[in-house]
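First up is the structure itself, then whatever we jot down about it.
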Amino acid sequence: MTEERTHRYPEFADPMVRPRYVGLPTFMRAPYEEDLSAVDIALVGIPFDGGVTNRPGARHGPREIRNQSSLMRRINQATGIDPFALCRIADAGDAWVESPYELESALEEIAAFYRRLHAAGTAPVSAGGDHSVTLPVFRGIAAERPVGMVHFDAHCDTGDDYLGSKFHHGAPFRRAVEEGLLDPRRTVQIGIRGPINDPDIWSFSHESGMRVVYMEELYERGPKDVIEEARGIVGDGPTYISFDVDGLDPAFAPGTGTPECGGFSVIEAQIMIRALRGLNLVGGDVVEVAPPFDPSGNTAMVGATILYEILCVVADSLAGRKGG
Ligand code: MN
Ligand code: MN
């Protein structure tokens, strides 16, 4: 049967061009491949939400993003980038943990996954999980030198200990700076907003030298102007893109644990990510998609769309570095 169909439509030999409702839902219908030796960019799920301070559910993010990512097609119509032509891209499965009830060892398990990936010369584009997972990603890929970061979020995530824990989704970037994995002077945080209890809640960002672009400034200046400044700040050093879906207005992404009204839109996010093209990008993630809070699937579809935009600029950057 399969042979007959492939004969009738030869292009269907490539699963990515088959009808989008068929087959197993890997990320963007990329091939599933656990052997990283022939993979330039691994699409990875991190189904872990043991670091949330409010509503859990992001552990279900990767599976639903995989499902919704079937809607992605090969070529980015806006930029012309065809990531799958530029790089060998595979769904490398999940960085799942065996000890989810023990936060610190869970984060170490995730870090071990990313160390293996990094040692194979593979760049990660990941779907969380809550934002605590970006710290172990950095432990895996930034041990030899700190990375810079363009960070989209309603929250700086540079808070201090909470309820007795150093590790939670409001603190990964403070810990990353302390561990020498993130260069705060090459870090830009965009979309920050919402009511707070402590007026100095993000003092670590300001005092360590991060550039914090509050939502009001983004609204006044517009996405292109802000990203132009961000490009100058991260420069040509290795740079990571971290996208917390709660940076978007909850009108676009209600399925998340700590929503904040008054955020940016999906097209603004797409314009900002596309404008990062040409930087020295070493990976990225989309986190905090919590499908139980959005049974429509829209937040996961938005997450898949943002993941694709990140994949496009990372693939373009990687291909440029490899002379591809
Ligand atoms: Mn966050
Ligand atoms: Mn957030």
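Each chain in the structure tokens gets a letter, A, B and so on, in the order shown; residues start at 1 in every chain, and ligands are counted from 1 in the order they appear.
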Wanna dump the chain A-ligand 1 contacts at 7 Å for me, each residue with its shortest atom pair and the distance in Å to one decimal, counting only C-alpha atoms and all ligand atoms, ordered by chain and number, as JSON lines?
{"residue": "A:His131", "atom": "CA", "partner": "ligand 1", "partner_atom_place_in_ligand_line": "1 (Mn)", "distance": 4.9}
{"residue": "A:Asp153", "atom": "CA", "partner": "ligand 1", "partner_atom_place_in_ligand_line": "1 (Mn)", "distance": 5.5}
{"residue": "A:His155", "atom": "CA", "partner": "ligand 1", "partner_atom_place_in_ligand_line": "1 (Mn)", "distance": 5.7}
{"residue": "A:Cys156", "atom": "CA", "partner": "ligand 1", "partner_atom_place_in_ligand_line": "1 (Mn)", "distance": 6.8}
{"residue": "A:Asp157", "atom": "CA", "partner": "ligand 1", "partner_atom_place_in_ligand_line": "1 (Mn)", "distance": 5.6}
{"residue": "A:His169", "atom": "CA", "partner": "ligand 1", "partner_atom_place_in_ligand_line": "1 (Mn)", "distance": 6.2}
{"residue": "A:Gly170", "atom": "CA", "partner": "ligand 1", "partner_atom_place_in_ligand_line": "1 (Mn)", "distance": 6.4}
{"residue": "A:Asp244", "atom": "CA", "partner": "ligand 1", "partner_atom_place_in_ligand_line": "1 (Mn)", "distance": 4.9}
task: Looking only at helix (DSSP H, G or I) from DSSP on the backbone, list the matching residues of segment 88-230 of chain A as a ChimeraX atom specification.
output: /A:103-119,131-141,172-178,203-208,215-221,223-230
Contacts of segment 37-39 of chain A at 9 Å or less, counting only C-alpha atoms, minus same-chain residues fewer than 4 places along, as a compact mmCIF listing (two decimals) with all heavy atoms, in the first residue's frame?
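Writing done, so here's out12.txt:
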# COMPACT_ATOMS: atom_id res chain seq x y z
N GLU A 33 14.96 10.93 15.76
CA GLU A 33 16.32 10.40 15.73
C GLU A 33 16.99 10.60 17.08
O GLU A 33 17.25 11.74 17.48
CB GLU A 33 17.12 11.13 14.63
CG GLU A 33 18.54 10.65 14.46
CD GLU A 33 18.61 9.15 14.16
OE1 GLU A 33 18.35 8.79 12.99
OE2 GLU A 33 18.92 8.38 15.08
N CYS A 87 20.05 22.68 7.35
CA CYS A 87 20.63 21.87 8.42
C CYS A 87 19.93 20.52 8.51
O CYS A 87 18.79 20.37 8.06
CB CYS A 87 20.45 22.58 9.77
SG CYS A 87 21.38 24.10 9.93
N ARG A 88 20.63 19.56 9.11
CA ARG A 88 20.01 18.27 9.40
C ARG A 88 19.26 18.41 10.73
O ARG A 88 19.89 18.61 11.77
CB ARG A 88 21.08 17.18 9.47
CG ARG A 88 21.82 17.00 8.13
CD ARG A 88 23.05 16.14 8.31
NE ARG A 88 24.00 16.76 9.23
CZ ARG A 88 25.15 16.19 9.62
NH1 ARG A 88 25.48 14.99 9.18
NH2 ARG A 88 25.96 16.82 10.46
N ILE A 89 17.94 18.36 10.66
CA ILE A 89 17.10 18.63 11.81
C ILE A 89 16.28 17.39 12.15
O ILE A 89 15.71 16.75 11.26
CB ILE A 89 16.15 19.82 11.49
CG1 ILE A 89 16.98 21.08 11.24
CG2 ILE A 89 15.15 20.03 12.63
CD1 ILE A 89 16.21 22.20 10.60
N ALA A 90 16.28 17.04 13.43
CA ALA A 90 15.51 15.87 13.86
C ALA A 90 14.82 16.15 15.19
O ALA A 90 15.24 17.00 15.96
CB ALA A 90 16.45 14.67 14.01
N ALA A 92 14.63 14.83 18.57
CA ALA A 92 15.51 13.94 19.35
C ALA A 92 14.80 13.39 20.58
O ALA A 92 15.45 12.84 21.48
CB ALA A 92 16.78 14.69 19.74
N ALA A 120 27.93 16.12 21.11
CA ALA A 120 27.75 15.59 19.76
C ALA A 120 27.82 16.69 18.70
O ALA A 120 27.69 16.43 17.52
CB ALA A 120 26.42 14.85 19.67
N GLY A 121 27.99 17.94 19.16
CA GLY A 121 28.05 19.05 18.21
C GLY A 121 26.68 19.47 17.71
O GLY A 121 26.56 20.09 16.64
N THR A 122 25.64 19.13 18.44
CA THR A 122 24.27 19.42 18.03
C THR A 122 23.73 20.63 18.79
O THR A 122 23.96 20.76 19.99
CB THR A 122 23.38 18.19 18.32
OG1 THR A 122 23.93 17.06 17.66
CG2 THR A 122 21.96 18.41 17.85
N ALA A 123 23.04 21.50 18.10
CA ALA A 123 22.43 22.67 18.74
C ALA A 123 20.98 22.34 19.11
O ALA A 123 20.27 21.71 18.32
CB ALA A 123 22.46 23.87 17.80
task: If you run DSSP over the backbone, which residues in segment 193-312 of chain A end up strand (DSSP E)? Put them as JSON, numbers by chain.
output: {"A": [211, 212, 213, 214, 239, 240, 241, 242, 243, 244, 281, 282, 283, 284, 285, 286, 287]}
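If you measure from each of A:Met149, A:Ala304, A:Ile267, A:Ile190 to ligand 2 using only C-alpha atoms and all ligand atoms, the closest one turns out to be A:Ile190.
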task: List the neighbours of Arg73 of chain A out to 8 Å using only C-alpha atoms; skip same-chain residues closer than 6 positions along the sequence, and give me the result as a ChimeraX atom specification.
output: /A:16-17,28
Would you save the residues of that selection, restricted to N, CA and C atoms, as a PDB file, in the first residue's frame?
ATOM      1  N   MET A  16       7.263  15.344   5.564  1.00  0.00           N
ATOM      2  CA  MET A  16       6.889  16.733   5.806  1.00  0.00           C
ATOM      3  C   MET A  16       5.946  17.295   4.761  1.00  0.00           C
ATOM      4  N   VAL A  17       5.845  16.647   3.603  1.00  0.00           N
ATOM      5  CA  VAL A  17       4.929  17.179   2.593  1.00  0.00           C
ATOM      6  C   VAL A  17       3.663  16.329   2.461  1.00  0.00           C
ATOM      7  N   MET A  28       7.232  19.291  14.089  1.00  0.00           N
ATOM      8  CA  MET A  28       7.241  19.768  12.703  1.00  0.00           C
ATOM      9  C   MET A  28       7.372  18.636  11.689  1.00  0.00           C
TER      10      MET A  28
END
task: Quick one: pull the distance between atom CA of Glu220 of chain A and atom CA of Gly194 of chain A, Å, one decimal.
output: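 Separation between atom CA of Glu220 of chain A and atom CA of Gly194 of chain A: 16.8 Å.
Counting only C-alpha atoms, Glu309 of chain A has the following residues at most 7 Å away, ignoring those fewer than 3 positions along the same chain: A:Gln270, A:Ile273, A:Arg274, A:Thr305, A:Ile306, A:Cys312, A:Val313.
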Would you list the contacts of Tyr240 of chain A as a PDB file with C-alpha atoms, in the first residue's frame, taking every protein, DNA or RNA residue within 7 Å and counting only C-alpha atoms, but skipping same-chain residues closer than 5 positions in sequence?
ATOM      1  CA  VAL A 147      26.293  32.734  26.424  1.00  0.00           C
ATOM      2  CA  GLY A 148      24.359  35.923  25.745  1.00  0.00           C
ATOM      3  CA  MET A 149      20.599  35.815  25.571  1.00  0.00           C
ATOM      4  CA  VAL A 150      17.607  37.492  23.994  1.00  0.00           C
ATOM      5  CA  LEU A 281      22.746  31.802  17.591  1.00  0.00           C
ATOM      6  CA  VAL A 282      23.498  28.612  19.490  1.00  0.00           C
ATOM      7  CA  GLY A 283      19.982  27.446  20.358  1.00  0.00           C
ATOM      8  CA  GLY A 284      16.675  28.448  21.808  1.00  0.00           C
TER       9      GLY A 284
END
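Residues in contact with His60 of chain A at up to 7 Å, not including ones fewer than 3 positions away on its chain and judged by only C-alpha atoms, are Pro47, Gly57, Arg63, Glu64, Ala290 and Pro291 of chain A.
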